[in-house]
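Next comes start15.txt, a file with compact mmCIF, C-alpha atoms.
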# COMPACT_ATOMS: atom_id res chain seq x y z
CA MET A 1 0.00 0.00 0.00
CA ALA A 2 1.39 3.33 -0.96
CA THR A 3 1.50 5.96 1.72
CA THR A 4 2.25 9.61 1.38
CA SER A 5 4.68 11.16 3.77
CA ILE A 6 3.57 14.25 5.61
CA SER A 7 5.12 17.68 5.60
CA PHE A 8 4.91 20.07 8.49
CA SER A 9 6.63 23.08 9.93
CA GLU A 10 9.02 21.86 12.60
CA THR A 11 9.10 24.51 15.29
CA PRO A 12 11.44 23.95 18.27
CA LEU A 13 8.50 22.83 20.42
CA LEU A 14 7.26 20.36 17.82
CA ASN A 15 10.81 19.09 17.33
CA LEU A 16 11.19 18.50 21.06
CA ILE A 17 7.87 16.65 21.30
CA LEU A 18 8.86 14.45 18.37
CA ARG A 19 12.24 13.65 19.94
CA ARG A 20 10.58 12.30 23.06
CA ALA A 21 7.76 10.63 21.12
CA ASP A 22 10.13 8.95 18.66
CA ASP A 23 12.42 7.71 21.45
CA ALA A 24 9.42 6.08 23.11
CA LEU A 25 7.89 4.69 19.92
CA ILE A 26 11.09 3.18 18.57
CA LEU A 27 12.12 1.62 21.87
CA GLY A 28 8.56 0.39 22.40
CA HIS A 29 8.67 -1.37 19.03
CA ARG A 30 12.14 -2.77 19.66
CA LEU A 31 10.97 -4.26 22.97
CA SER A 32 7.83 -5.67 21.41
CA GLU A 33 10.07 -7.77 19.12
CA TRP A 34 10.80 -9.82 22.25
CA CYS A 35 7.17 -10.83 22.65
CA GLY A 36 7.11 -14.61 22.52
CA HIS A 37 10.92 -14.87 22.56
CA ALA A 38 12.06 -13.73 26.00
CA PRO A 39 14.10 -16.16 28.14
CA ILE A 40 11.25 -16.78 30.60
CA VAL A 41 7.54 -16.09 30.50
CA GLU A 42 7.65 -13.46 33.27
CA GLU A 43 10.22 -11.53 31.28
CA ASP A 44 8.15 -11.90 28.14
CA ILE A 45 5.30 -10.21 29.99
CA ALA A 46 7.61 -7.60 31.49
CA LEU A 47 9.18 -6.52 28.21
CA ALA A 48 5.78 -6.39 26.51
CA ASN A 49 4.43 -4.29 29.38
CA ILE A 50 7.34 -1.87 29.23
CA ALA A 51 6.79 -1.65 25.47
CA LEU A 52 3.12 -0.90 26.09
CA ASP A 53 3.96 1.90 28.52
CA LEU A 54 6.39 3.41 26.02
CA ILE A 55 3.96 3.23 23.12
CA GLY A 56 1.32 4.77 25.38
CA GLN A 57 3.70 7.62 26.20
CA SER A 58 4.46 8.10 22.51
CA ARG A 59 0.73 8.27 21.70
CA ALA A 60 0.19 11.04 24.22
CA LEU A 61 3.16 12.90 22.76
CA TYR A 62 2.14 12.42 19.10
CA ASP A 63 -1.35 13.54 19.99
CA TYR A 64 0.13 16.68 21.50
CA ALA A 65 2.37 17.11 18.45
CA ALA A 66 -0.76 17.09 16.29
CA GLN A 67 -2.36 19.74 18.51
CA VAL A 68 0.74 21.92 18.36
CA ASP A 69 1.00 21.52 14.60
CA SER A 70 -2.71 22.28 14.25
CA SER A 71 -2.85 21.67 10.52
CA GLY A 72 -5.23 18.74 10.75
CA LEU A 73 -2.62 15.99 11.08
CA THR A 74 -3.26 13.29 13.68
CA GLU A 75 -1.10 11.23 16.04
CA ASP A 76 -0.98 8.45 13.42
CA HIS A 77 0.40 10.80 10.77
CA PHE A 78 3.26 11.73 13.08
CA ALA A 79 3.87 8.17 14.19
CA TYR A 80 3.78 6.45 10.82
CA ARG A 81 3.77 8.86 7.92
CA ARG A 82 7.18 10.44 8.10
CA GLU A 83 10.29 9.55 6.15
CA GLN A 84 13.20 7.91 7.94
CA HIS A 85 15.26 11.09 8.16
CA GLN A 86 12.35 12.90 9.82
CA TYR A 87 12.49 10.68 12.90
CA ARG A 88 14.13 12.40 15.85
CA ASN A 89 14.93 9.51 18.17
CA CYS A 90 18.36 9.05 19.72
CA LEU A 91 20.59 6.28 18.39
CA LEU A 92 20.48 4.32 21.64
CA VAL A 93 16.82 3.34 21.35
CA GLU A 94 17.08 2.02 17.82
CA GLN A 95 20.03 -0.29 18.51
CA PRO A 96 19.03 -3.85 17.68
CA ASN A 97 17.87 -6.00 20.59
CA GLY A 98 20.92 -8.26 20.37
CA ASP A 99 20.94 -10.76 23.20
CA PHE A 100 18.98 -10.31 26.41
CA ALA A 101 21.93 -8.53 28.06
CA THR A 102 22.03 -5.94 25.26
CA THR A 103 18.32 -5.25 25.65
CA ILE A 104 18.68 -4.88 29.42
CA VAL A 105 21.72 -2.60 29.22
CA ARG A 106 19.93 -0.40 26.67
CA GLN A 107 16.92 -0.25 29.00
CA VAL A 108 18.95 0.69 32.07
CA LEU A 109 20.87 3.44 30.28
CA PHE A 110 17.71 4.88 28.77
CA SER A 111 15.35 4.51 31.74
CA ALA A 112 17.88 6.04 34.15
CA PHE A 113 18.01 9.07 31.88
CA MET A 114 14.29 9.32 31.21
CA ASP A 115 13.38 8.97 34.87
CA LEU A 116 15.45 12.09 35.60
CA TYR A 117 14.20 13.81 32.47
CA TRP A 118 10.49 13.27 33.16
CA ARG A 119 10.90 14.41 36.75
CA GLU A 120 12.38 17.67 35.49
CA MET A 121 9.75 17.95 32.76
CA MET A 122 7.02 17.82 35.43
CA LYS A 123 8.10 21.40 36.27
CA SER A 124 7.64 22.55 32.67
CA GLY A 125 5.64 25.68 32.01
CA ASP A 126 3.92 23.73 29.24
CA GLU A 127 0.95 22.07 30.97
CA SER A 128 0.58 19.28 28.45
CA LEU A 129 4.22 18.25 28.66
CA ALA A 130 4.11 18.46 32.45
CA ALA A 131 1.03 16.20 32.50
CA ILE A 132 2.57 13.63 30.16
CA ALA A 133 5.74 13.69 32.27
CA ALA A 134 3.84 13.12 35.52
CA LYS A 135 2.28 10.01 34.02
CA ALA A 136 5.44 8.72 32.35
CA GLU A 137 7.70 9.30 35.33
CA LYS A 138 6.07 6.67 37.53
CA GLU A 139 6.18 4.13 34.72
CA THR A 140 9.80 4.91 33.92
CA ALA A 141 10.84 4.51 37.57
CA TYR A 142 9.36 1.03 37.47
CA HIS A 143 11.17 0.22 34.20
CA LEU A 144 14.45 1.35 35.71
CA ARG A 145 14.02 -0.76 38.81
CA HIS A 146 13.13 -3.82 36.77
CA SER A 147 15.97 -3.52 34.27
CA ALA A 148 18.53 -2.55 36.93
CA GLU A 149 17.67 -5.68 38.93
CA TRP A 150 18.20 -7.74 35.80
CA LEU A 151 21.50 -6.04 35.02
CA ILE A 152 22.76 -6.85 38.53
CA ARG A 153 21.58 -10.44 38.14
CA LEU A 154 23.36 -10.77 34.79
CA GLY A 155 26.54 -8.91 35.69
CA ASP A 156 26.93 -10.62 39.03
CA GLY A 157 25.76 -13.95 37.64
CA THR A 158 27.61 -16.61 35.70
CA ASN A 159 30.79 -16.06 33.74
CA GLU A 160 28.80 -16.05 30.55
CA SER A 161 26.10 -13.65 31.71
CA HIS A 162 28.79 -11.33 33.10
CA ALA A 163 30.74 -11.39 29.85
CA ARG A 164 27.62 -10.71 27.80
CA ALA A 165 26.50 -7.84 30.05
CA GLN A 166 29.96 -6.25 29.89
CA ALA A 167 30.11 -6.65 26.11
CA ALA A 168 26.68 -5.03 25.78
CA LEU A 169 27.72 -2.13 28.01
CA ASP A 170 30.95 -1.67 26.04
CA GLU A 171 29.02 -1.58 22.80
CA LEU A 172 26.18 0.73 23.83
CA TRP A 173 28.15 3.13 26.01
CA ILE A 174 29.08 5.44 23.15
CA CYS A 175 25.37 6.03 22.47
CA SER A 176 24.77 7.34 25.98
CA GLY A 177 26.51 10.66 25.27
CA GLU A 178 23.85 11.77 22.84
CA LEU A 179 21.22 11.74 25.60
CA PHE A 180 22.84 14.76 27.22
CA GLU A 181 23.11 16.88 24.14
CA SER A 182 21.27 20.16 24.61
CA ASP A 183 21.47 21.66 21.16
CA GLU A 184 20.22 24.93 19.71
CA VAL A 185 16.76 23.45 19.10
CA GLU A 186 16.25 22.80 22.78
CA ARG A 187 18.02 25.92 24.02
CA SER A 188 15.13 28.32 23.41
CA LEU A 189 12.73 25.92 25.15
CA ILE A 190 15.09 25.47 28.10
CA ASP A 191 15.43 29.23 28.45
CA ALA A 192 11.65 29.62 28.37
CA GLY A 193 11.26 27.06 31.15
CA LEU A 194 9.44 24.61 28.91
CA ALA A 195 12.00 21.81 28.78
CA PRO A 196 14.74 20.36 30.99
CA ASP A 197 18.36 20.94 30.08
CA CYS A 198 19.56 17.44 29.17
CA GLY A 199 23.17 18.45 29.71
CA SER A 200 22.49 19.26 33.36
CA LEU A 201 21.24 15.72 34.00
CA GLN A 202 24.50 13.95 33.14
CA GLU A 203 25.99 14.03 36.62
CA SER A 204 22.81 12.75 38.29
CA TRP A 205 22.60 10.06 35.65
CA GLN A 206 26.14 8.91 36.36
CA ASN A 207 25.38 8.88 40.07
CA ARG A 208 22.47 6.53 39.43
CA ILE A 209 24.25 4.29 36.94
CA GLN A 210 27.45 3.82 38.93
CA PRO A 211 26.00 2.01 41.98
CA ILE A 212 24.03 -0.31 39.68
CA LEU A 213 27.14 -1.15 37.66
CA ARG A 214 29.20 -1.58 40.81
CA GLU A 215 26.71 -4.05 42.23
CA ALA A 216 26.61 -5.79 38.87
CA THR A 217 30.44 -6.01 39.00
CA LEU A 218 30.57 -4.31 35.62
CA LYS A 219 33.19 -1.80 34.54
CA ILE A 220 32.30 1.53 33.02
CA PRO A 221 33.83 1.24 29.55
CA SER A 222 37.04 3.02 28.79
CA THR A 223 35.52 3.98 25.46
CA PRO A 224 34.03 7.46 25.58
CA SER A 225 30.35 8.28 25.56
CA CYS A 226 30.58 10.90 22.89
CA LYS A 227 27.94 13.54 22.35
CA VAL A 228 28.72 13.97 18.72
CA ALA A 229 29.87 10.48 17.84
CA ALA A 230 26.81 9.85 15.82
CA ASP A 231 27.21 12.81 13.50
CA ALA A 232 28.00 11.69 10.00
CA GLY A 233 30.04 14.87 9.59
CA VAL A 234 32.59 13.91 12.22
CA THR A 235 33.02 10.29 11.30
CA ALA A 236 35.59 8.59 9.19
CA ASN A 237 35.34 5.30 7.41
CA THR A 238 31.65 5.20 6.69
CA SER A 239 31.85 2.20 4.41
CA ALA A 240 29.10 -0.35 4.60
CA THR A 241 31.28 -3.15 5.85
CA SER A 242 32.98 -1.64 8.87
CA SER A 243 31.84 0.54 11.74
CA PRO A 244 32.47 4.25 11.37
CA ILE A 245 34.87 5.87 13.78
CA CYS A 246 34.19 9.15 15.50
CA ASN A 247 36.83 11.75 14.62
CA ILE A 248 36.36 13.53 17.94
CA CYS A 249 36.61 10.65 20.40
CA SER A 250 37.93 7.84 18.15
CA GLY A 251 35.15 5.58 19.40
CA ARG A 252 33.57 2.97 17.21
CA ILE A 253 30.04 3.98 16.32
CA PRO A 254 27.38 1.29 16.54
CA ARG A 255 25.34 0.09 13.67
CA ARG A 256 22.55 2.30 12.43
CA CYS A 257 19.25 1.01 11.28
CA GLY A 258 17.91 1.35 7.78
CA ASP A 259 19.71 3.74 5.48
CA ARG A 260 19.50 6.64 7.86
CA TYR A 261 22.75 8.27 8.93
CA GLY A 262 23.52 10.81 11.56
CA SER A 263 22.23 11.81 14.97
CA ARG A 264 19.08 13.82 15.39
CA ARG A 265 21.21 16.92 15.08
CA THR A 266 22.46 16.20 11.60
CA ARG A 267 19.06 14.96 10.59
CA ILE A 268 17.63 18.35 11.46
CA GLU A 269 20.08 20.08 9.16
CA ARG A 270 18.97 18.20 6.07
CA MET C 1 -31.85 35.23 37.34
CA THR C 2 -34.66 34.99 34.83
CA ALA C 3 -37.11 32.11 34.86
CA THR C 4 -35.77 30.76 31.58
CA ALA C 5 -32.17 30.79 32.79
CA LEU C 6 -33.24 29.03 35.98
CA ALA C 7 -35.09 26.37 34.02
CA GLU C 8 -32.05 25.85 31.83
CA LEU C 9 -29.82 25.50 34.86
CA GLU C 10 -32.13 22.94 36.41
CA SER C 11 -32.31 20.92 33.25
CA LYS C 12 -28.52 21.03 33.02
CA ASP C 13 -28.27 19.60 36.53
CA ASP C 14 -30.86 16.96 35.68
CA LEU C 15 -28.97 16.02 32.56
CA VAL C 16 -25.69 15.67 34.42
CA ALA C 17 -27.37 13.62 37.16
CA ARG C 18 -28.96 11.31 34.59
CA ALA C 19 -25.64 10.98 32.76
CA ARG C 20 -23.79 10.30 36.00
CA ALA C 21 -26.19 7.51 36.95
CA ALA C 22 -25.56 5.87 33.57
CA VAL C 23 -21.81 6.44 33.29
CA GLU C 24 -21.01 5.35 36.83
CA GLN C 25 -22.26 1.88 35.96
CA VAL C 26 -19.66 1.39 33.21
CA CYS C 27 -17.21 -1.33 34.19
CA ASP C 28 -13.53 -1.69 33.47
CA PRO C 29 -13.24 -4.26 30.67
CA GLU C 30 -10.17 -5.88 32.25
CA ILE C 31 -11.47 -5.94 35.82
CA PRO C 32 -15.24 -6.22 35.35
CA VAL C 33 -16.04 -6.06 39.08
CA LEU C 34 -14.91 -2.46 39.20
CA THR C 35 -16.76 0.45 37.70
CA ILE C 36 -14.79 3.31 36.22
CA ALA C 37 -16.04 5.38 39.17
CA ASP C 38 -14.57 2.83 41.65
CA LEU C 39 -11.27 2.97 39.80
CA GLY C 40 -11.08 6.74 39.70
CA VAL C 41 -10.85 6.61 35.91
CA LEU C 42 -14.01 8.70 35.63
CA ARG C 43 -12.94 12.30 36.25
CA SER C 44 -15.82 14.59 35.41
CA ILE C 45 -19.20 14.89 33.74
CA GLU C 46 -20.33 18.28 32.55
CA VAL C 47 -22.31 20.07 29.91
CA ALA C 48 -20.02 21.86 27.47
CA ALA C 49 -20.68 25.29 25.99
CA ASP C 50 -22.11 23.75 22.82
CA GLY C 51 -24.62 21.72 24.87
CA ALA C 52 -22.82 18.40 24.45
CA LEU C 53 -22.41 16.23 27.48
CA GLU C 54 -18.68 15.90 28.08
CA VAL C 55 -17.20 13.03 30.06
CA ALA C 56 -13.54 13.15 31.09
CA ILE C 57 -11.67 9.91 31.74
CA THR C 58 -8.05 9.34 32.69
CA PRO C 59 -5.81 6.33 31.99
CA THR C 60 -4.27 4.33 34.81
CA TYR C 61 -1.14 3.76 32.70
CA SER C 62 -0.08 5.69 29.58
CA GLY C 63 -0.51 2.67 27.37
CA CYS C 64 -3.69 1.33 28.95
CA PRO C 65 -5.41 -0.41 26.02
CA ALA C 66 -8.77 -0.30 27.79
CA MET C 67 -9.24 3.43 27.29
CA ASP C 68 -10.79 3.16 23.84
CA VAL C 69 -13.23 0.50 25.01
CA ILE C 70 -14.11 2.52 28.10
CA GLY C 71 -14.74 5.59 25.93
CA PHE C 72 -16.99 3.52 23.69
CA GLU C 73 -18.88 2.02 26.65
CA VAL C 74 -19.40 5.48 28.15
CA LYS C 75 -20.94 6.69 24.91
CA ALA C 76 -23.11 3.58 24.66
CA ALA C 77 -24.34 4.02 28.26
CA LEU C 78 -25.26 7.62 27.54
CA ILE C 79 -27.15 6.73 24.37
CA LYS C 80 -29.09 4.10 26.35
CA ALA C 81 -29.95 6.82 28.85
CA GLY C 82 -31.29 8.90 25.98
CA ILE C 83 -28.37 11.31 25.77
CA ASP C 84 -27.08 11.51 22.21
CA LYS C 85 -24.89 14.58 22.02
CA THR C 86 -21.81 13.39 23.89
CA ARG C 87 -18.08 13.71 23.90
CA VAL C 88 -15.46 11.66 25.73
CA ARG C 89 -12.23 13.40 26.54
CA GLN C 90 -9.02 11.88 27.90
CA VAL C 91 -7.24 13.92 30.54
CA LEU C 92 -3.76 13.26 31.94
CA ALA C 93 -3.52 15.81 34.72
CA PRO C 94 -3.59 15.30 37.60
CA ALA C 95 -1.98 11.92 36.97
CA TRP C 96 -3.97 8.92 38.17
CA THR C 97 -2.63 7.14 41.21
CA THR C 98 -4.02 4.21 43.18
CA ASP C 99 -5.21 6.77 45.73
CA TRP C 100 -8.01 7.57 43.28
CA MET C 101 -9.47 4.12 43.79
CA SER C 102 -12.45 4.15 46.18
CA GLU C 103 -12.51 2.08 49.37
CA ALA C 104 -15.54 0.26 47.95
CA GLY C 105 -13.47 -0.48 44.87
CA LYS C 106 -10.64 -1.91 46.95
CA ALA C 107 -13.09 -4.17 48.80
CA LYS C 108 -14.56 -5.39 45.48
CA LEU C 109 -11.07 -6.15 44.17
CA LEU C 110 -10.25 -8.21 47.23
CA ALA C 111 -13.50 -10.16 46.96
CA TYR C 112 -12.69 -10.80 43.30
CA GLY C 113 -9.32 -12.31 44.19
CA ILE C 114 -7.05 -9.41 43.31
CA ALA C 115 -4.96 -7.92 46.12
CA PRO C 116 -5.75 -4.19 46.25
CA PRO C 117 -2.92 -1.63 46.34
CA ALA C 118 -1.35 -2.02 49.76
CA ALA C 119 -0.32 1.49 50.62
CA ARG C 120 -0.85 5.06 49.70
CA ALA C 121 0.76 5.90 46.40
CA SER C 122 4.24 7.25 46.71
CA ARG C 123 7.62 6.41 45.33
CA ARG C 124 8.29 4.53 48.51
CA ALA C 125 5.15 2.45 48.10
CA LEU C 126 6.08 1.66 44.52
CA PHE C 127 9.43 0.34 45.58
CA GLY C 128 8.52 -1.13 48.93
CA GLU C 129 5.68 -3.53 48.24
CA ASP C 130 7.24 -6.38 50.18
CA SER C 131 4.18 -7.34 52.19
CA VAL C 132 1.00 -8.06 50.27
CA ALA C 133 -1.74 -10.08 51.92
CA CYS C 134 -3.11 -13.05 49.98
CA PRO C 135 -6.63 -12.19 48.74
CA HIS C 136 -7.67 -15.83 49.14
CA CYS C 137 -6.55 -16.79 52.65
CA GLY C 138 -5.34 -13.49 54.07
CA SER C 139 -1.85 -14.77 54.83
CA GLN C 140 1.06 -12.32 54.75
CA GLU C 141 3.32 -15.19 53.67
CA THR C 142 3.47 -14.20 50.04
CA GLU C 143 6.12 -13.68 47.41
CA LYS C 144 6.40 -11.78 44.17
CA VAL C 145 6.54 -13.95 41.05
CA SER C 146 6.63 -11.26 38.40
CA GLU C 147 6.72 -7.47 38.55
CA PHE C 148 4.46 -7.35 35.54
CA GLY C 149 1.19 -9.20 35.27
CA SER C 150 -1.79 -9.77 33.02
CA THR C 151 -2.40 -6.03 32.62
CA ALA C 152 -0.17 -2.98 32.97
CA CYS C 153 -1.63 -2.18 36.38
CA LYS C 154 -0.99 -5.56 37.99
CA ALA C 155 1.90 -7.71 39.23
CA LEU C 156 1.85 -11.46 39.80
CA TRP C 157 2.26 -12.81 43.32
CA ARG C 158 1.98 -16.19 44.99
CA CYS C 159 0.82 -17.18 48.48
CA THR C 160 3.21 -19.58 50.20
CA ALA C 161 0.55 -20.50 52.78
CA CYS C 162 -2.35 -21.57 50.56
CA ARG C 163 -0.16 -21.94 47.44
CA GLU C 164 -2.52 -19.93 45.26
CA PRO C 165 -1.15 -17.44 42.75
CA PHE C 166 -2.84 -14.05 42.67
CA ASP C 167 -2.79 -10.69 40.93
CA TYR C 168 -1.71 -7.64 42.89
CA PHE C 169 -2.91 -4.21 41.82
CA LYS C 170 0.34 -2.25 41.80
CA CYS C 171 0.55 0.80 43.94
CA ILE C 172 1.54 3.80 41.83
Would you encode the structure as structure tokens?
Amino acid sequence: MATTSISFSETPLLNLILRRADDALILGHRLSEWCGHAPIVEEDIALANIALDLIGQSRALYDYAAQVDSSGLTEDHFAYRREQHQYRNCLLVEQPNGDFATTIVRQVLFSAFMDLYWREMMKSGDESLAAIAAKAEKETAYHLRHSAEWLIRLGDGTNESHARAQAALDELWICSGELFESDEVERSLIDAGLAPDCGSLQESWQNRIQPILREATLKIPSTPSCKVAADAGVTANTSATSSPICNICSGRIPRRCGDRYGSRRTRIER
Amino acid sequence: MTATALAELESKDDLVARARAAVEQVCDPEIPVLTIADLGVLRSIEVAADGALEVAITPTYSGCPAMDVIGFEVKAALIKAGIDKTRVRQVLAPAWTTDWMSEAGKAKLLAYGIAPPAARASRRALFGEDSVACPHCGSQETEKVSEFGSTACKALWRCTACREPFDYFKCI
């Protein structure tokens, strides 16, 4: 079935809403791939439930995006009728599920960030965003607890589970830097008291991640978590067969999905 | 106030009362012993400026798949009560917590075999649910099986005294 992609005027506020909505939608879909495949039935239910929460959060955000856009588009248009380069999610959430350890590490890194982010967003001068945040925050806290418990179990488990958890952390760590990027799009909203400053959350995030990793007997990777690693403009070696390298931090950049290149920052500049 | 305005006001109150009687009977599709009023999902019933009867409902969890069905059932209940011009609106603020559930609702849950939320909603309650009484035998000797259960709002527990598994309505 042919679909037509939508066009809309991407104001800073709309861009911000789409960033959060796309993060939730993409991760929600990634997690739903586990349905029927998780290691145990309880975890199958858990991952599907987390996915459901995330897709619910994305619906509220897309619905708000449609209100802000006010040109007659609906939540479904924003969720499904954009081109790949119009999606504003961070690279972390679209990383393939990999093994169970990879999925859990991705969830811990993301939930620890979002829990802080939503709590700050609850203070937003934008009533709709504050309301969505108040709802999402409680769910995210639960996701963090669940995935952190699993990370401790895996890291402090068998030799194999430890090795897999460490490998997953080593691989995904570079993607964590992008979470704290407060670029020019967000700056005006931060100054207006409408959005949290992601950059200011990095220290709190590290303070939450470190005790979990310590208990899991996992080492924080020596590879950097680079804010700009994902920018096509600062990478070398972008051939299809080997991973690109970030020119700033020299870190290896994880696989991207589809034919889309670049972080949300470079995508905006297209 | 003129006589006409007074009559209009009275009929507005009557309409809301009639609507309330109908809407309060709507049950949650996942937990059919609870009405949406018991759950605290029903937020308000009022007559909008255009004369439509507007019902506001709020989701328990962001992704609660029951919201569309509840909205549909609300409309159906109103039509049955002879009220055709209706609108169902979803509101997010203030965010739903288990504190919105009525005491009658908690008693119904327990009788149905689902352990009601144990404490007042708070971050501490969310992370400290280590003592949940078995809804079947009342024993405190219970253990958590799974943090996530058959719906987003429930976790799965097991009683080590009577050996029965049971759903626990998570405290959020």
Close residues, segment 82-92 of chain C itself excluded, 8 Å, all atoms listed in the file, min 6 positions apart in chain, as a short mmCIF file (atom, residue, chain, number, x, y, z; two decimals) with C-alpha atoms, keeping the file's coordinate frame:
data_model
loop_
_atom_site.label_atom_id
_atom_site.label_comp_id
_atom_site.auth_asym_id
_atom_site.auth_seq_id
_atom_site.Cartn_x
_atom_site.Cartn_y
_atom_site.Cartn_z
CA ALA A 131 1.03 16.20 32.50
CA ILE A 132 2.57 13.63 30.16
CA LYS A 135 2.28 10.01 34.02
CA ALA C 19 -25.64 10.98 32.76
CA GLY C 51 -24.62 21.72 24.87
CA ALA C 52 -22.82 18.40 24.45
CA LEU C 53 -22.41 16.23 27.48
CA GLU C 54 -18.68 15.90 28.08
CA VAL C 55 -17.20 13.03 30.06
CA ALA C 56 -13.54 13.15 31.09
CA ILE C 57 -11.67 9.91 31.74
CA THR C 58 -8.05 9.34 32.69
CA PRO C 59 -5.81 6.33 31.99
CA GLY C 71 -14.74 5.59 25.93
CA VAL C 74 -19.40 5.48 28.15
CA LYS C 75 -20.94 6.69 24.91
#
- Query: Got a sec to pull out which chain C residues are within 12 Å of chain A, counting all atoms listed in the file, and send them as a count of residues only?
  - Reply: 44
- Separation of atom CA of Glu181 of chain A and atom CA of Glu94 of chain A, in Å?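 Interatomic distance here is 17.2 Å.
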- Task: Quick one: pull the distance between atom CA of Gly177 of chain A and atom CA of Gln202 of chain A, Å, one decimal.
- Result: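 So the two atoms, atom CA of Gly177 of chain A and atom CA of Gln202 of chain A, lie 8.8 Å apart.
For the pair atom CA of Val16 of chain C and atom CA of Pro32 of chain C, the interatomic distance is 24.3 Å.
Considering only C-alpha atoms, the residue among C:Met101, C:Leu15, C:Ala22, C:Val33 positioned nearest to Ile114 of chain C is C:Val33.
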- Task: Show which residues sit within 10 Å of Ser161 of chain A, as a ChimeraX atom specification. Count only C-alpha atoms, and ignore same-chain residues fewer than 6 positions away.
- Result: /A:100-101,151,153-155,167
- Tell me, as a list of chain:residue names, which residues lie within 9 Å of Ala161 of chain C, counting only C-alpha atoms; anything in the same chain fewer than 6 positions away does not count.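 Returned residues: C:Cys134, C:Cys137, C:Ser139, C:Gln140, C:Glu141, C:Thr142.
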- Message: Given only C-alpha atoms as the basis, pick out the residue of A:Gly125, A:Arg208, A:Thr158, A:Arg82 nearest to Leu144 of chain A.
- Response: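 Of A:Gly125, A:Arg208, A:Thr158, A:Arg82, the one nearest Leu144 of chain A, counting only C-alpha atoms, is A:Arg208.
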- Task: May I have the residues within 8 Å of segment 112-114 of chain A as a list in words, using only C-alpha atoms and disregarding those fewer than 4 positions away in the same chain?
- Result: Val108, Trp118, Glu137, Thr140, Ala141, Leu144, Leu179, Leu201, Trp205, Arg208 and Ile209 of chain A
- Task: Show which residues sit within 9 Å of segment 11-22 of chain A, as a list of chain:residue names. Count all atoms listed in the file, and ignore same-chain residues fewer than 6 positions away.
- Result: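 So, after excluding close chain neighbours, the residues are A:Leu54, A:Ile55, A:Gln57, A:Ser58, A:Arg59, A:Ala60, A:Leu61, A:Tyr62, A:Tyr64, A:Ala65, A:Ala66, A:Val68, A:Asp69, A:Phe78, A:Ala79, A:Tyr87, A:Arg88, A:Asn89, A:Cys90, A:Leu129, A:Glu184, A:Val185, A:Glu186, A:Arg187, A:Ser188, A:Leu189, A:Leu194, A:Ala195, A:Arg264.
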